[in-house]
Amino acid sequence: MFADVAECDYVPSFWPKGTRTICRRVRYSANEISKDSRSRRRRTLNPDQLTLIEDNEIPFAYAYSFIVTNLDGDILDIEHWFRQRALVEERIKDSKLGLALRHLPSGYEAVNKMWMWAAFLALNISAWLQGITGHDKNKDGRAHGKRLRRELISIAARITNHSRHKQVHTSSADYNGSFGNVWRILDTLLASRSQ
C-alpha cells in the first residue's frame, strides 16, 4: 500500500515485557487528502504539515499510524493482519446502516435473529459482488449504505423474457452508470463459467 513500516526502538519501562510499537508512514499529496475534518486520513497527519500542504507550501505530507502489540513475527505480517482487522470493523460499521437493533421487525427473538442473519448475508454478498466486478476499485471506492442503495440496488428497471433469457431494461443513465457496468461484468463472468 505504498507505506513505510518500521519497528520503534523506544518502549516505555511500564509496558509489559514483549510489547512492540510498529509505525506506519504513508505519503499523500494535497489532492489525496479530504477536506472533511472527520476524515480518518486527516487525523493521521501532523497539523503543521496539514496547514503547509493546504497552503500549497509543500507538495506532500506524511500520515503516521501506530500499532502497539505483543505479537511475535515479522512486522509487515503483523501490520497487514491489523489492516485486515480494519476491514472487518468496516463491515460491522456498514451493518449498522439501516440494520441497527432498533430496526428489528418483530417481538420474537427467532424472527429477529433470522432477519439479522439475512441482513448480514446481504451486506456480505454486496461487498463480494463489488469486489469481483471491480466496483470497489473505482475512484469512489466501495459503495456503502446510502450510496450502495442509490447506485446498485434501488434502480428502476423492467425485466422481460426474450428467447428464454431474462433481460433487464434500465434508464440510459443507469445502463451507462455503475449499475450497468456491474451488470455487464457479472454477465460476462457468468457466461464464461457456463462454457
# chains A, B, ... in the order shown; residues from 1 in each chain; ligands from 1
$ select_by_dssp --residues "segment 120-191 of chain A" --states "strand (DSSP E or B)" --output "list of chain:residue names"
A:Ala157, A:Arg158, A:Ile159, A:Thr160, A:Asn161, A:His162, A:His165, A:Lys166, A:Gln167, A:Val168, A:His169, A:Thr170
$ residues_around --residues "segment 4-17 of chain A" --least-positions-apart "3" --cutoff "9 Å" --atoms "only C-alpha atoms" --output "number ranges by chain"
A: 1, 20-27, 70, 75-76, 79
$ residues_around --residues "segment 155-158 of chain A" --least-positions-apart "4" --cutoff "7 Å" --atoms "only C-alpha atoms" --output "PyMOL selection string"
chain A and resi 168-170
$ closest_residue --among "A:Ser95, A:Ser106, A:Ser163, A:Thr69" --to "Ala122 of chain A" --atoms "only C-alpha atoms"
A:Ser95
$ select_by_dssp --residues "chain A" --states "helix (DSSP H, G or I)" --output "ChimeraX atom specification"
/A:30-32,40-43,47-54,75-95,101-103,109-133,135-137,145-153,172-175,178-194
$ write_last_selection --atoms "C-alpha atoms" --output "mmCIF file, in the first residue's frame"
data_model
loop_
_atom_site.group_PDB
_atom_site.id
_atom_site.type_symbol
_atom_site.label_atom_id
_atom_site.label_comp_id
_atom_site.auth_asym_id
_atom_site.auth_seq_id
_atom_site.Cartn_x
_atom_site.Cartn_y
_atom_site.Cartn_z
ATOM 1 C CA ALA A 30 -2.829 17.502 -1.467
ATOM 2 C CA ASN A 31 -5.483 16.023 -3.789
ATOM 3 C CA GLU A 32 -5.453 12.722 -1.818
ATOM 4 C CA ARG A 40 -9.573 9.435 9.246
ATOM 5 C CA ARG A 41 -6.650 10.254 6.933
ATOM 6 C CA ARG A 42 -6.638 13.909 8.043
ATOM 7 C CA ARG A 43 -6.361 12.831 11.674
ATOM 8 C CA PRO A 47 -1.414 19.510 11.946
ATOM 9 C CA ASP A 48 1.597 21.638 10.944
ATOM 10 C CA GLN A 49 2.143 19.575 7.776
ATOM 11 C CA LEU A 50 -1.587 19.712 7.042
ATOM 12 C CA THR A 51 -1.525 23.515 7.195
ATOM 13 C CA LEU A 52 1.523 23.684 4.915
ATOM 14 C CA ILE A 53 0.074 21.323 2.312
ATOM 15 C CA GLU A 54 -3.286 23.142 2.288
ATOM 16 C CA ILE A 75 6.403 -6.511 11.370
ATOM 17 C CA LEU A 76 4.997 -6.490 7.811
ATOM 18 C CA ASP A 77 2.867 -9.558 8.549
ATOM 19 C CA ILE A 78 1.599 -8.022 11.804
ATOM 20 C CA GLU A 79 0.805 -4.689 10.126
ATOM 21 C CA HIS A 80 -1.044 -6.487 7.300
ATOM 22 C CA TRP A 81 -3.037 -8.531 9.824
ATOM 23 C CA PHE A 82 -4.107 -5.367 11.666
ATOM 24 C CA ARG A 83 -5.166 -3.723 8.393
ATOM 25 C CA GLN A 84 -7.345 -6.762 7.591
ATOM 26 C CA ARG A 85 -8.985 -6.381 11.020
ATOM 27 C CA ALA A 86 -9.876 -2.827 9.999
ATOM 28 C CA LEU A 87 -11.783 -4.253 7.016
ATOM 29 C CA VAL A 88 -13.840 -6.434 9.367
ATOM 30 C CA GLU A 89 -14.575 -3.406 11.563
ATOM 31 C CA GLU A 90 -15.648 -1.510 8.432
ATOM 32 C CA ARG A 91 -18.074 -4.341 7.587
ATOM 33 C CA ILE A 92 -19.544 -4.141 11.117
ATOM 34 C CA LYS A 93 -19.959 -0.375 10.705
ATOM 35 C CA ASP A 94 -21.693 -0.981 7.355
ATOM 36 C CA SER A 95 -24.078 -3.418 9.020
ATOM 37 C CA LEU A 101 -31.048 -3.335 16.584
ATOM 38 C CA ARG A 102 -33.689 -0.609 16.832
ATOM 39 C CA HIS A 103 -34.908 -1.665 13.361
ATOM 40 C CA GLU A 109 -36.312 -13.492 19.082
ATOM 41 C CA ALA A 110 -36.250 -16.191 16.376
ATOM 42 C CA VAL A 111 -37.721 -13.813 13.760
ATOM 43 C CA ASN A 112 -35.256 -11.047 14.678
ATOM 44 C CA LYS A 113 -32.344 -13.497 14.594
ATOM 45 C CA MET A 114 -33.319 -14.646 11.099
ATOM 46 C CA TRP A 115 -33.747 -11.019 9.971
ATOM 47 C CA MET A 116 -30.262 -10.126 11.265
ATOM 48 C CA TRP A 117 -28.638 -13.130 9.531
ATOM 49 C CA ALA A 118 -30.381 -12.217 6.269
ATOM 50 C CA ALA A 119 -29.196 -8.599 6.589
ATOM 51 C CA PHE A 120 -25.583 -9.643 7.249
ATOM 52 C CA LEU A 121 -25.694 -12.117 4.376
ATOM 53 C CA ALA A 122 -26.999 -9.424 2.003
ATOM 54 C CA LEU A 123 -24.294 -6.999 3.171
ATOM 55 C CA ASN A 124 -21.523 -9.529 2.588
ATOM 56 C CA ILE A 125 -22.902 -10.581 -0.799
ATOM 57 C CA SER A 126 -22.943 -6.893 -1.753
ATOM 58 C CA ALA A 127 -19.285 -6.450 -0.735
ATOM 59 C CA TRP A 128 -18.371 -9.673 -2.548
ATOM 60 C CA LEU A 129 -20.133 -8.639 -5.768
ATOM 61 C CA GLN A 130 -18.483 -5.226 -5.692
ATOM 62 C CA GLY A 131 -15.138 -6.963 -5.208
ATOM 63 C CA ILE A 132 -15.439 -9.401 -8.123
ATOM 64 C CA THR A 133 -16.810 -6.758 -10.502
ATOM 65 C CA HIS A 135 -16.746 -1.642 -8.442
ATOM 66 C CA ASP A 136 -14.838 -1.181 -5.174
ATOM 67 C CA LYS A 137 -11.690 -0.199 -7.111
ATOM 68 C CA GLY A 145 -25.066 2.367 2.843
ATOM 69 C CA LYS A 146 -26.982 5.094 1.052
ATOM 70 C CA ARG A 147 -24.669 5.205 -1.970
ATOM 71 C CA LEU A 148 -24.973 1.436 -2.379
ATOM 72 C CA ARG A 149 -28.772 1.666 -2.383
ATOM 73 C CA ARG A 150 -28.764 4.652 -4.771
ATOM 74 C CA GLU A 151 -26.261 3.258 -7.317
ATOM 75 C CA LEU A 152 -26.705 -0.507 -7.262
ATOM 76 C CA ILE A 153 -29.891 -1.622 -5.514
ATOM 77 C CA SER A 172 -29.874 5.068 -20.080
ATOM 78 C CA ALA A 173 -28.219 6.793 -17.081
ATOM 79 C CA ASP A 174 -28.261 3.562 -15.067
ATOM 80 C CA TYR A 175 -27.318 1.435 -18.093
ATOM 81 C CA SER A 178 -22.367 1.952 -12.052
ATOM 82 C CA PHE A 179 -25.273 -0.495 -12.216
ATOM 83 C CA GLY A 180 -24.836 -1.158 -15.936
ATOM 84 C CA ASN A 181 -21.081 -1.682 -15.593
ATOM 85 C CA VAL A 182 -21.528 -4.143 -12.731
ATOM 86 C CA TRP A 183 -24.339 -5.956 -14.586
ATOM 87 C CA ARG A 184 -22.233 -6.379 -17.754
ATOM 88 C CA ILE A 185 -19.197 -7.653 -15.818
ATOM 89 C CA LEU A 186 -21.360 -10.179 -13.944
ATOM 90 C CA ASP A 187 -22.985 -11.238 -17.207
ATOM 91 C CA THR A 188 -19.544 -11.824 -18.771
ATOM 92 C CA LEU A 189 -18.297 -13.730 -15.713
ATOM 93 C CA LEU A 190 -21.379 -15.971 -15.659
ATOM 94 C CA ALA A 191 -21.189 -16.605 -19.411
ATOM 95 C CA SER A 192 -17.521 -17.638 -19.145
ATOM 96 C CA ARG A 193 -18.346 -20.059 -16.283
ATOM 97 C CA SER A 194 -21.110 -21.797 -18.266
#
$ closest_residue --among "A:Pro105, A:Gly73, A:Ile159, A:Ser34" --to "Gly18 of chain A" --atoms "only C-alpha atoms"
A:Gly73
$ atom_distance --atom1 "atom CA of Asp74 of chain A" --atom2 "atom CA of Thr44 of chain A"
23.6 Å
$ closest_residue --among "A:Ser29, A:His162, A:Ser39, A:Asp72" --to "Asn56 of chain A" --atoms "only C-alpha atoms"
A:Ser29
